[in-house]
$ cat structure_5.txt   # compact mmCIF, C-alpha atoms
# COMPACT_ATOMS: atom_id res chain seq x y z
CA MET A 1 104.86 161.78 134.51
CA TYR A 2 101.70 159.70 134.34
CA PHE A 3 101.34 159.10 138.09
CA LEU A 4 101.98 162.82 138.75
CA ASN A 5 99.00 163.65 136.52
CA GLY A 6 101.52 164.92 134.00
CA ASP A 7 103.31 163.60 130.97
CA ARG A 8 106.60 162.48 129.42
CA LEU A 9 107.51 164.04 126.08
CA TYR A 10 110.32 163.35 123.64
CA ILE A 11 111.38 166.51 121.82
CA LYS A 12 113.47 166.41 118.66
CA PRO A 13 114.94 169.42 116.82
CA LYS A 14 112.78 170.68 113.98
CA HIS A 15 115.65 170.31 111.54
CA ARG A 16 118.32 167.62 111.47
CA CYS A 17 120.89 170.00 110.04
CA GLY A 18 122.74 172.58 112.06
CA THR A 19 125.07 172.47 115.03
CA VAL A 20 124.36 170.82 118.36
CA ASP A 21 123.84 174.33 119.78
CA ASP A 22 121.18 175.02 117.12
CA GLN A 23 119.43 171.75 117.89
CA ILE A 24 119.47 172.35 121.64
CA GLN A 25 117.88 175.75 121.09
CA SER A 26 115.28 174.24 118.76
CA CYS A 27 114.27 171.73 121.43
CA LEU A 28 114.14 174.33 124.22
CA SER A 29 112.04 176.66 122.05
CA GLN A 30 109.50 173.89 121.57
CA LEU A 31 109.42 173.22 125.31
CA THR A 32 108.72 176.88 126.15
CA GLN A 33 105.63 176.72 123.92
CA ILE A 34 103.98 173.98 125.95
CA ASN A 35 100.84 175.51 127.44
CA SER A 36 99.00 172.58 128.96
CA GLY A 37 98.78 173.79 132.56
CA LYS A 38 101.40 171.18 133.42
CA LYS A 39 104.89 172.05 134.57
CA ILE A 40 108.28 170.74 133.45
CA PHE A 41 110.40 169.54 136.36
CA LYS A 42 113.06 167.36 134.71
CA LEU A 43 114.89 167.33 131.38
CA ASN A 44 117.16 164.58 130.05
CA PHE A 45 119.43 165.51 127.15
CA PHE A 46 120.60 162.57 125.02
CA VAL A 47 123.58 163.72 122.95
CA ASP A 48 127.06 162.46 122.16
CA ALA A 49 130.21 163.95 123.69
CA GLU A 50 133.54 163.18 122.04
CA SER A 51 135.69 164.04 125.06
CA ASP A 52 135.48 164.81 128.76
CA GLU A 53 136.04 168.48 127.94
CA ALA A 54 133.21 168.46 125.38
CA TYR A 55 130.92 166.79 127.94
CA ALA A 56 131.70 169.44 130.59
CA ASP A 57 131.26 172.30 128.12
CA LEU A 58 127.97 170.92 126.85
CA ASN A 59 126.72 170.39 130.40
CA ALA A 60 127.48 174.01 131.31
CA LYS A 61 125.90 175.30 128.10
CA ILE A 62 122.67 173.34 128.61
CA LYS A 63 122.41 174.47 132.23
CA SER A 64 122.88 178.11 131.24
CA GLN A 65 120.30 177.97 128.45
CA VAL A 66 117.71 176.17 130.57
CA GLU A 67 118.13 178.63 133.46
CA SER A 68 117.73 181.60 131.08
CA GLN A 69 114.52 180.25 129.53
CA PHE A 70 112.71 178.60 132.45
CA PRO A 71 111.93 180.57 135.62
CA THR A 72 111.77 177.61 138.01
CA ASP A 73 114.20 174.89 139.05
CA ILE A 74 114.50 171.98 136.64
CA ILE A 75 116.49 168.79 137.23
CA LEU A 76 118.95 168.26 134.38
CA SER A 77 120.74 165.15 133.13
CA LEU A 78 123.21 165.09 130.25
CA ILE A 79 123.32 161.49 129.06
CA ALA A 80 126.16 160.89 126.60
CA GLN A 81 124.32 158.54 124.27
CA PRO A 82 123.89 159.61 120.63
CA PRO A 83 120.33 159.39 119.25
CA LEU A 84 119.95 157.59 115.94
CA SER A 85 117.60 160.07 114.25
CA CYS A 86 119.23 163.43 115.04
CA LYS A 87 122.04 164.98 117.11
CA ILE A 88 119.99 165.47 120.26
CA ILE A 89 116.77 164.31 121.88
CA VAL A 90 115.29 165.94 124.96
CA GLU A 91 113.11 163.92 127.32
CA ALA A 92 110.79 166.19 129.30
CA PHE A 93 108.95 165.18 132.48
CA LEU A 94 105.87 167.16 133.52
CA PHE A 95 103.56 167.20 136.56
CA ASN A 96 100.29 168.90 137.44
CA PRO A 97 101.00 171.67 139.99
CA SER A 98 97.29 172.03 140.80
CA ILE A 99 97.35 168.49 142.26
CA TRP A 100 100.92 168.10 143.55
CA SER A 101 103.03 170.52 145.57
CA SER A 102 106.76 170.46 144.82
CA LYS A 103 110.04 171.35 146.48
CA THR A 104 113.59 171.26 145.10
CA ILE A 105 116.29 169.43 147.05
CA LYS A 106 119.90 170.30 146.15
CA LYS A 107 123.12 168.67 147.24
CA GLY A 108 126.10 170.23 145.50
CA GLY A 109 125.57 169.76 141.77
CA ASP A 110 122.95 167.05 142.31
CA SER A 111 119.26 167.67 142.77
CA ALA A 112 115.87 166.09 143.30
CA MET A 113 112.24 167.17 143.39
CA LEU A 114 109.96 166.26 146.27
CA PHE A 115 106.25 166.01 145.38
CA GLU A 116 103.52 165.84 148.01
CA LYS A 117 99.80 165.14 147.99
CA GLU A 118 97.85 164.11 151.09
CA THR A 119 99.91 161.32 152.73
CA THR A 120 101.95 160.62 149.59
CA ARG A 121 105.52 161.83 149.02
CA ILE A 122 107.45 161.13 145.80
CA LEU A 123 111.14 161.87 145.31
CA ILE A 124 112.62 162.06 141.79
CA GLY A 125 116.16 163.12 140.96
CA ASN A 126 119.66 162.23 139.93
CA VAL A 127 123.15 162.01 141.38
CA GLN A 128 126.44 161.85 139.47
CA SER A 129 130.18 161.48 139.97
CA ASN A 130 132.67 161.99 137.17
CA GLU A 131 135.92 162.55 139.05
CA LYS A 132 138.13 160.13 137.09
CA LYS A 133 139.67 158.82 140.31
CA GLY A 134 138.69 155.23 139.65
CA TYR A 135 135.34 153.68 138.77
CA ARG A 136 134.67 152.41 142.26
CA ASN A 137 135.20 155.92 143.62
CA ASP A 138 132.56 157.34 141.24
CA ALA A 139 130.09 154.57 142.11
CA GLU A 140 130.63 155.03 145.85
CA LYS A 141 130.22 158.79 145.61
CA THR A 142 126.94 158.59 143.69
CA PHE A 143 125.41 156.18 146.21
CA SER A 144 126.75 158.24 149.12
CA THR A 145 125.12 161.40 147.74
CA LEU A 146 121.91 159.49 147.07
CA SER A 147 121.89 158.30 150.69
CA THR A 148 122.47 161.86 151.91
CA ILE A 149 119.55 163.24 149.90
CA PHE A 150 117.26 160.44 151.09
CA SER A 151 118.27 161.01 154.70
CA GLU A 152 117.63 164.76 154.40
CA VAL A 153 113.99 164.22 153.37
CA ASN A 154 113.45 161.12 155.57
CA PHE A 155 113.12 158.61 152.75
CA PRO A 156 114.38 155.06 153.36
CA ILE A 157 116.53 153.51 150.63
CA LYS A 158 113.92 150.76 150.21
CA SER A 159 111.45 153.38 148.92
CA ILE A 160 113.15 153.36 145.47
CA VAL A 161 110.86 151.75 142.90
CA ARG A 162 112.62 152.70 139.65
CA GLN A 163 116.27 153.44 138.94
CA TRP A 164 118.39 154.23 135.88
CA ASN A 165 122.13 153.62 136.02
CA TYR A 166 124.08 155.33 133.23
CA LEU A 167 127.62 153.97 133.29
CA GLU A 168 130.50 155.27 131.22
CA ASP A 169 132.27 152.49 129.29
CA ILE A 170 130.05 149.93 131.04
CA ILE A 171 131.87 146.76 129.93
CA GLY A 172 135.34 148.30 130.03
CA PHE A 173 137.89 147.65 132.73
CA ASP A 174 139.43 149.79 135.45
CA GLY A 175 142.70 147.95 135.86
CA ASP A 176 141.72 144.29 136.19
CA LYS A 177 138.18 145.02 137.39
CA GLN A 178 135.21 145.27 135.01
CA LYS A 179 133.37 148.55 135.53
CA TYR A 180 129.83 147.14 135.52
CA GLN A 181 130.82 144.50 138.05
CA GLU A 182 132.42 147.18 140.24
CA PHE A 183 129.19 149.17 140.07
CA ASN A 184 127.18 146.10 141.06
CA ASN A 185 129.49 145.45 144.00
CA VAL A 186 129.05 149.00 145.28
CA ARG A 187 125.29 148.90 144.71
CA SER A 188 125.05 145.69 146.74
CA GLU A 189 126.99 147.28 149.59
CA TYR A 190 124.65 150.27 149.76
CA TYR A 191 121.47 148.25 149.31
CA LYS A 192 122.51 145.76 152.02
CA ASP A 193 119.28 144.35 153.49
CA HIS A 194 117.04 147.32 152.57
CA PHE A 195 115.13 145.43 149.87
CA GLU A 196 115.01 141.95 151.35
CA LYS A 197 111.28 142.10 152.16
CA ASP A 198 109.68 143.88 149.20
CA GLY A 199 112.06 143.19 146.32
CA TYR A 200 114.44 145.47 144.47
CA PRO A 201 113.67 148.44 142.20
CA ALA A 202 113.02 148.04 138.51
CA ALA A 203 116.21 149.32 136.89
CA THR A 204 118.21 149.89 133.75
CA GLY A 205 122.01 149.63 133.64
CA ILE A 206 123.27 151.01 130.35
CA GLY A 207 126.48 152.36 128.87
CA THR A 208 127.38 155.95 128.04
CA ASN A 209 130.33 157.51 126.23
CA ARG A 210 131.11 160.05 128.98
CA GLY A 211 129.81 161.14 132.36
CA GLY A 212 131.22 158.68 134.89
CA VAL A 213 128.38 157.25 136.97
CA LEU A 214 124.95 158.88 136.76
CA ILE A 215 121.99 157.49 138.72
CA GLU A 216 118.39 158.60 138.30
CA PHE A 217 115.85 157.49 140.86
CA LEU A 218 112.15 157.45 141.65
CA ALA A 219 111.14 156.76 145.26
CA ILE A 220 107.80 156.88 147.08
CA GLN A 221 106.34 156.94 150.56
CA SER A 222 102.58 156.59 150.78
CA ASP A 223 99.78 154.95 152.72
CA VAL A 224 97.94 154.21 149.49
CA VAL A 225 100.67 152.97 147.16
CA LYS A 226 100.83 149.36 146.04
CA THR A 227 104.06 148.14 144.50
CA ALA A 228 105.50 144.69 143.94
CA PRO A 229 108.22 143.02 141.84
CA VAL A 230 107.18 141.30 138.62
CA ASP A 231 109.08 138.21 137.48
CA ASN A 232 109.49 136.63 134.06
CA PRO A 233 109.35 132.80 134.37
CA ASP A 234 111.64 132.53 131.32
CA GLN A 235 114.43 134.50 132.99
CA ILE A 236 116.37 133.98 136.19
CA ALA A 237 116.04 137.07 138.37
CA ALA A 238 119.20 139.14 137.89
CA HIS A 239 119.85 139.19 141.64
CA HIS A 240 119.93 135.37 141.54
CA TYR A 241 122.47 135.03 138.70
CA SER A 242 125.17 132.42 139.19
CA LYS A 243 128.82 133.45 139.35
CA LYS A 244 129.51 132.03 135.89
CA VAL A 245 127.81 135.04 134.24
CA LEU A 246 129.51 137.61 136.49
CA VAL A 247 132.83 139.11 135.42
CA GLY A 248 135.86 138.84 137.69
CA GLU A 249 138.24 136.39 139.28
CA GLU A 250 136.85 133.79 141.67
CA CYS A 251 138.85 135.24 144.55
CA VAL A 252 137.40 138.72 143.99
CA LEU A 253 134.04 139.95 145.29
CA LYS A 254 131.36 139.45 142.62
CA THR A 255 127.82 140.44 143.56
CA THR A 256 124.72 140.12 141.40
CA PRO A 257 122.86 143.05 139.76
CA LYS A 258 120.26 144.12 142.32
CA PHE A 259 117.12 144.85 140.31
CA GLU A 260 113.79 143.29 139.35
CA ARG A 261 112.73 142.52 135.77
CA ALA A 262 109.76 144.84 136.27
CA ARG A 263 107.74 146.43 139.07
CA TYR A 264 103.99 146.93 139.44
CA PHE A 265 103.01 150.39 140.71
CA GLU A 266 99.54 151.54 141.77
CA LEU A 267 98.85 154.99 143.19
CA TYR A 268 95.39 156.56 143.54
CA ASP A 269 93.72 155.81 140.19
CA LYS A 270 96.96 155.18 138.27
CA LYS A 271 98.23 151.67 137.59
CA LEU A 272 101.34 150.81 135.62
CA ILE A 273 104.30 148.45 135.28
CA PHE A 274 107.84 149.78 135.09
CA ILE A 275 109.74 147.60 132.59
CA SER A 276 113.43 147.36 133.43
CA GLY A 277 116.12 147.35 130.78
CA THR A 278 115.41 144.01 129.07
CA ALA A 279 117.58 142.01 126.69
CA SER A 280 117.74 138.70 124.86
CA ILE A 281 118.37 136.51 127.88
CA THR A 282 116.67 133.22 128.64
CA GLY A 283 117.41 131.77 132.02
CA GLU A 284 120.69 133.63 132.47
CA ARG A 285 122.14 132.98 128.98
CA THR A 286 122.32 135.34 126.02
CA ILE A 287 120.20 134.08 123.11
CA GLY A 288 120.70 134.98 119.43
CA VAL A 289 124.38 135.89 119.59
CA GLY A 290 125.31 137.94 116.51
CA ASP A 291 121.70 138.25 115.27
CA PRO A 292 120.04 141.63 116.03
CA VAL A 293 116.61 140.55 114.75
CA ALA A 294 116.56 137.38 116.86
CA GLN A 295 117.72 139.32 119.90
CA THR A 296 115.01 141.96 119.41
CA GLU A 297 112.34 139.27 119.07
CA ILE A 298 113.45 137.48 122.27
CA THR A 299 113.70 140.80 124.12
CA ILE A 300 110.14 141.71 123.14
CA GLN A 301 108.89 138.25 124.14
CA ASN A 302 110.52 138.75 127.53
CA ILE A 303 108.85 142.14 127.91
CA LYS A 304 105.41 140.85 126.96
CA ARG A 305 105.65 138.12 129.60
CA LEU A 306 105.90 140.90 132.20
CA TYR A 307 102.40 142.21 131.46
CA SER A 308 100.69 139.00 130.38
CA ASP A 309 97.18 138.14 131.60
CA GLU A 310 98.76 135.66 134.00
CA VAL A 311 100.78 138.42 135.63
CA LEU A 312 98.00 141.01 135.66
CA LYS A 313 95.48 138.80 137.44
CA ASN A 314 97.95 138.47 140.32
CA MET A 315 98.47 142.22 140.53
CA SER A 316 94.93 143.49 140.87
CA GLN A 317 91.35 142.33 141.35
CA ASP A 318 90.31 144.65 138.53
CA LYS A 319 90.14 143.45 134.94
CA LEU A 320 93.11 145.31 133.50
CA ARG A 321 94.00 146.12 129.91
CA ALA A 322 97.69 146.71 129.22
CA LYS A 323 98.83 149.52 126.93
CA TYR A 324 102.53 149.98 126.35
CA GLY A 325 103.12 153.66 127.11
CA HIS A 326 106.57 154.45 125.72
CA ALA A 327 109.92 152.81 125.13
CA ARG A 328 113.60 153.48 124.83
CA VAL A 329 115.48 151.13 122.52
CA TYR A 330 119.23 150.99 123.09
CA VAL A 331 121.13 149.81 119.99
CA LYS A 332 124.75 148.70 120.33
CA ASN A 333 125.78 149.01 116.66
CA ARG A 334 124.46 151.64 114.24
CA LYS A 335 124.46 149.09 111.40
CA ASP A 336 121.74 147.09 113.21
CA PHE A 337 119.39 150.05 113.66
CA ALA A 338 117.14 149.45 110.62
CA ALA A 339 116.61 145.76 111.42
CA ILE A 340 115.91 146.44 115.09
CA LYS A 341 113.51 149.30 114.32
CA THR A 342 111.57 147.21 111.77
CA THR A 343 111.24 144.35 114.25
CA PHE A 344 110.12 146.66 117.05
CA LYS A 345 107.48 148.36 114.87
CA THR A 346 106.11 144.96 113.83
CA HIS A 347 105.12 144.38 117.46
CA PHE A 348 104.34 147.90 118.72
CA GLY A 349 103.41 149.95 115.65
CA ASN A 350 103.70 153.70 116.20
CA LEU A 351 104.32 153.55 119.93
CA PRO A 352 106.29 156.60 121.17
CA VAL A 353 109.89 155.39 121.12
CA VAL A 354 113.42 156.74 120.91
CA TYR A 355 116.37 154.82 119.49
CA ILE A 356 119.74 155.50 121.07
CA ILE A 357 123.24 154.13 120.53
CA ALA A 358 124.54 152.67 123.78
CA ASP A 359 126.78 149.88 124.94
CA ILE A 360 125.00 147.11 126.86
CA CYS A 361 126.05 145.21 129.97
CA ARG A 362 127.26 142.08 128.10
CA PRO A 363 129.57 142.12 125.08
CA ASP A 364 127.29 139.75 123.14
CA LEU A 365 124.08 141.75 123.65
CA LEU A 366 123.06 143.93 120.68
CA VAL A 367 119.84 145.55 121.91
CA GLU A 368 118.12 146.47 125.16
CA ILE A 369 114.58 147.83 125.61
CA GLU A 370 112.90 149.50 128.56
CA GLY A 371 109.60 151.27 129.06
CA LYS A 372 106.33 151.67 130.89
CA VAL A 373 103.06 149.77 130.58
CA ILE A 374 99.90 151.66 131.52
CA LEU A 375 97.08 149.52 132.91
CA GLU A 376 93.47 150.58 132.43

$ encode --input "structure_5.txt" --output "structure tokens"
Amino acid sequence: MYFLNGDRLYIKPKHRCGTVDDQIQSCLSQLTQINSGKKIFKLNFFVDAESDEAYADLNAKIKSQVESQFPTDIILSLIAQPPLSCKIIVEAFLFNPSIWSSKTIKKGGDSAMLFEKETTRILIGNVQSNEKKGYRNDAEKTFSTLSTIFSEVNFPIKSIVRQWNYLEDIIGFDGDKQKYQEFNNVRSEYYKDHFEKDGYPAATGIGTNRGGVLIEFLAIQSDVVKTAPVDNPDQIAAHHYSKKVLVGEECVLKTTPKFERARYFELYDKKLIFISGTASITGERTIGVGDPVAQTEITIQNIKRLYSDEVLKNMSQDKLRAKYGHARVYVKNRKDFAAIKTTFKTHFGNLPVVYIIADICRPDLLVEIEGKVILE
């Protein structure tokens, strides 16, 4: 990761043909050849799973292969979202061990890595529940485990600056309750008043085909960190949405999604903006219904507002130049892929990007984009 003096790499199999097992091995072989002096500490595997049994088998297989090929602990996430260019993509996170010390924190099948340098402590990891005992149960269990891990290493909940929420069947229903709304209700309960003063984390809430509820997090404690929420004047903050865009009956608890559109982050000599999952929303309304090109254009306009000159001058006294570092583009329908990709490349050229099929938090949204902006 950039602020850990490391890197983020997207690894694709060398050949598109072959089984998923072949493609996993191809990706892992490429990772073992990295000889940069930097160390892999987290791997995300983006691959489809056609059933709960297939997801469990694939998870076990990936864990076994990673443990046999890498001598140190690595945090693993299997994210059931099919890539659009091959059967599997591996996202690798690296840090510089000559600058940062590291320690693995494990809680059952969940894990995190604690990094330390001088007075700075950074916690990165993931928690997951896939018990099939009701969506609220899975959401509550993930946040409970997250709270346990944070308590064990003396991190307050408000130290989270970036979060990814991977939610199986995100806009589906568990009985008469929409799953994404249930997740938001549980998140609000656990966040309580923790973020009232400094704003919420930047976050992505995105659908998966399997896996229950999976949360990835990045948290920091430091005397030298500077972090602040970044707003888009064209969008209502998600945590201020009105009830008319929340799903559920009026008599049922409906809380807003607790995240910021983006978050500025400055640590030592590194400055960046975490861009949350962003879609074609103006105010709180979906724009461009049924039109993937229009939605991609509006989404990109929304993203660019988050690192405009107007925003940057309020973030730092330095004259900053913004450089989009990487992106994930979530595409709802495979048939829209070519149009969305062409539109994205028109704005960002050959920026490192992965395109993934995923359901999005509103039925009328066709694309969502997230990423990181490096400031120099």

$ residues_around --input "structure_5.txt" --residues "range 91-107 of chain A" --least-positions-apart "3" --cutoff "7 Å" --atoms "all atoms listed in the file" --output "mmCIF file with C-alpha atoms, in the frame of the given file"
data_model
loop_
_atom_site.group_PDB
_atom_site.id
_atom_site.type_symbol
_atom_site.label_atom_id
_atom_site.label_comp_id
_atom_site.auth_asym_id
_atom_site.auth_seq_id
_atom_site.Cartn_x
_atom_site.Cartn_y
_atom_site.Cartn_z
ATOM 1 C CA MET A 1 104.860 161.780 134.510
ATOM 2 C CA LEU A 4 101.980 162.820 138.750
ATOM 3 C CA ASN A 5 99.000 163.650 136.520
ATOM 4 C CA GLY A 6 101.520 164.920 134.000
ATOM 5 C CA ASP A 7 103.310 163.600 130.970
ATOM 6 C CA ARG A 8 106.600 162.480 129.420
ATOM 7 C CA LEU A 9 107.510 164.040 126.080
ATOM 8 C CA TYR A 10 110.320 163.350 123.640
ATOM 9 C CA ILE A 11 111.380 166.510 121.820
ATOM 10 C CA LYS A 38 101.400 171.180 133.420
ATOM 11 C CA LYS A 39 104.890 172.050 134.570
ATOM 12 C CA ILE A 40 108.280 170.740 133.450
ATOM 13 C CA PHE A 41 110.400 169.540 136.360
ATOM 14 C CA LYS A 42 113.060 167.360 134.710
ATOM 15 C CA LEU A 43 114.890 167.330 131.380
ATOM 16 C CA ASN A 44 117.160 164.580 130.050
ATOM 17 C CA PHE A 45 119.430 165.510 127.150
ATOM 18 C CA ASP A 110 122.950 167.050 142.310
ATOM 19 C CA SER A 111 119.260 167.670 142.770
ATOM 20 C CA ALA A 112 115.870 166.090 143.300
ATOM 21 C CA MET A 113 112.240 167.170 143.390
ATOM 22 C CA LEU A 114 109.960 166.260 146.270
ATOM 23 C CA PHE A 115 106.250 166.010 145.380
ATOM 24 C CA GLU A 116 103.520 165.840 148.010
ATOM 25 C CA LYS A 117 99.800 165.140 147.990
#

$ atom_distance --input "structure_5.txt" --atom1 "CA of Phe183 in chain A" --atom2 "CA of Lys197 in chain A"
22.7 Å

$ atom_distance --input "structure_5.txt" --atom1 "CA of Ser68 in chain A" --atom2 "CA of Val90 in chain A"
17.0 Å

$ closest_residue --input "structure_5.txt" --among "A:Gly18, A:Gly108, A:Gly37, A:Gly211" --to "Ala54 in chain A" --atoms "all atoms listed in the file"
A:Gly211

$ residues_around --input "structure_5.txt" --residues "Glu50 in chain A" --least-positions-apart "3" --cutoff "12 Å" --atoms "all atoms listed in the file" --output "VMD selection string"
chain A and resid 47 53 to 58 80 to 82 208 to 211

$ closest_residue --input "structure_5.txt" --among "A:Asn333, A:Ser188, A:Ser308, A:Ser26" --to "Ile89 in chain A" --atoms "all atoms listed in the file"
A:Ser26

$ closest_residue --input "structure_5.txt" --among "A:Ile157, A:Cys86, A:Ile220, A:Leu146" --to "Thr120 in chain A" --atoms "all atoms listed in the file"
A:Ile220

$ atom_distance --input "structure_5.txt" --atom1 "CA of Tyr200 in chain A" --atom2 "CA of Asn185 in chain A"
15.1 Å

$ residues_near_point --input "structure_5.txt" --point "(133.7, 150.8, 143.6)" --cutoff "6 Å" --atoms "only C-alpha atoms" --output "PyMOL selection string"
chain A and resi 135-137+139-140+182-183+186

$ closest_residue --input "structure_5.txt" --among "A:Lys158, A:Lys372, A:Lys63, A:Lys323" --to "Gln221 in chain A" --atoms "all atoms listed in the file"
A:Lys158

$ decode --input "structure_5.txt" --residues "range 87-164 of chain A" --atoms "C-alpha atoms" --output "mmCIF file, in the first residue's frame"
data_model
loop_
_atom_site.group_PDB
_atom_site.id
_atom_site.type_symbol
_atom_site.label_atom_id
_atom_site.label_comp_id
_atom_site.auth_asym_id
_atom_site.auth_seq_id
_atom_site.Cartn_x
_atom_site.Cartn_y
_atom_site.Cartn_z
ATOM 1 C CA LYS A 87 -11.880 -16.141 -14.373
ATOM 2 C CA ILE A 88 -9.902 -14.689 -11.487
ATOM 3 C CA ILE A 89 -8.055 -11.536 -10.479
ATOM 4 C CA VAL A 90 -5.809 -11.329 -7.431
ATOM 5 C CA GLU A 91 -5.303 -8.004 -5.676
ATOM 6 C CA ALA A 92 -2.029 -7.977 -3.743
ATOM 7 C CA PHE A 93 -1.140 -5.485 -0.999
ATOM 8 C CA LEU A 94 2.532 -4.956 -0.127
ATOM 9 C CA PHE A 95 4.432 -3.019 2.552
ATOM 10 C CA ASN A 96 8.068 -2.185 3.203
ATOM 11 C CA PRO A 97 9.296 -4.282 6.173
ATOM 12 C CA SER A 98 12.444 -2.157 6.518
ATOM 13 C CA ILE A 99 10.235 0.810 7.495
ATOM 14 C CA TRP A 100 7.224 -0.809 9.185
ATOM 15 C CA SER A 101 7.117 -3.588 11.767
ATOM 16 C CA SER A 102 4.144 -5.950 11.527
ATOM 17 C CA LYS A 103 2.169 -8.321 13.712
ATOM 18 C CA THR A 104 -0.701 -10.662 12.819
ATOM 19 C CA ILE A 105 -3.904 -10.520 14.860
ATOM 20 C CA LYS A 106 -6.215 -13.554 14.569
ATOM 21 C CA LYS A 107 -9.721 -14.047 15.855
ATOM 22 C CA GLY A 108 -11.128 -17.379 14.744
ATOM 23 C CA GLY A 109 -11.100 -17.393 10.952
ATOM 24 C CA ASP A 110 -10.716 -13.607 10.780
ATOM 25 C CA SER A 111 -7.430 -11.757 10.820
ATOM 26 C CA ALA A 112 -5.743 -8.378 10.674
ATOM 27 C CA MET A 113 -2.227 -6.999 10.422
ATOM 28 C CA LEU A 114 -0.935 -4.377 12.831
ATOM 29 C CA PHE A 115 1.791 -2.091 11.427
ATOM 30 C CA GLU A 116 3.889 0.186 13.622
ATOM 31 C CA LYS A 117 6.366 2.985 13.012
ATOM 32 C CA GLU A 118 7.330 5.535 15.662
ATOM 33 C CA THR A 119 4.019 6.748 17.180
ATOM 34 C CA THR A 120 1.911 5.459 14.279
ATOM 35 C CA ARG A 121 -0.149 2.254 14.350
ATOM 36 C CA ILE A 122 -2.164 1.027 11.351
ATOM 37 C CA LEU A 123 -4.610 -1.874 11.464
ATOM 38 C CA ILE A 124 -5.732 -3.575 8.230
ATOM 39 C CA GLY A 125 -7.863 -6.699 8.024
ATOM 40 C CA ASN A 126 -11.191 -8.326 7.364
ATOM 41 C CA VAL A 127 -14.029 -10.008 9.225
ATOM 42 C CA GLN A 128 -16.748 -12.233 7.775
ATOM 43 C CA SER A 129 -19.890 -14.123 8.716
ATOM 44 C CA ASN A 130 -21.594 -16.554 6.367
ATOM 45 C CA GLU A 131 -23.741 -18.611 8.722
ATOM 46 C CA LYS A 132 -27.027 -18.445 6.773
ATOM 47 C CA LYS A 133 -28.973 -17.768 9.963
ATOM 48 C CA GLY A 134 -30.453 -14.524 8.715
ATOM 49 C CA TYR A 135 -28.804 -11.461 7.203
ATOM 50 C CA ARG A 136 -28.989 -9.417 10.373
ATOM 51 C CA ASN A 137 -27.189 -12.201 12.238
ATOM 52 C CA ASP A 138 -24.303 -12.138 9.738
ATOM 53 C CA ALA A 139 -24.060 -8.340 9.891
ATOM 54 C CA GLU A 140 -24.112 -8.319 13.698
ATOM 55 C CA LYS A 141 -21.463 -11.026 13.908
ATOM 56 C CA THR A 142 -19.062 -9.236 11.556
ATOM 57 C CA PHE A 143 -19.303 -5.979 13.508
ATOM 58 C CA SER A 144 -18.998 -7.838 16.817
ATOM 59 C CA THR A 145 -15.796 -9.551 15.661
ATOM 60 C CA LEU A 146 -14.487 -6.247 14.317
ATOM 61 C CA SER A 147 -15.126 -4.643 17.714
ATOM 62 C CA THR A 148 -13.337 -7.517 19.465
ATOM 63 C CA ILE A 149 -10.242 -7.184 17.280
ATOM 64 C CA PHE A 150 -10.154 -3.412 17.772
ATOM 65 C CA SER A 151 -10.507 -3.797 21.530
ATOM 66 C CA GLU A 152 -7.685 -6.359 21.641
ATOM 67 C CA VAL A 153 -5.196 -3.922 20.067
ATOM 68 C CA ASN A 154 -6.645 -0.791 21.750
ATOM 69 C CA PHE A 155 -8.010 0.831 18.611
ATOM 70 C CA PRO A 156 -11.194 2.915 18.907
ATOM 71 C CA ILE A 157 -13.904 2.301 16.313
ATOM 72 C CA LYS A 158 -13.569 5.929 15.191
ATOM 73 C CA SER A 159 -10.043 5.169 13.930
ATOM 74 C CA ILE A 160 -11.465 3.512 10.775
ATOM 75 C CA VAL A 161 -10.733 5.664 7.730
ATOM 76 C CA ARG A 162 -11.595 3.253 4.893
ATOM 77 C CA GLN A 163 -14.014 0.340 4.783
ATOM 78 C CA TRP A 164 -15.254 -2.130 2.163
#
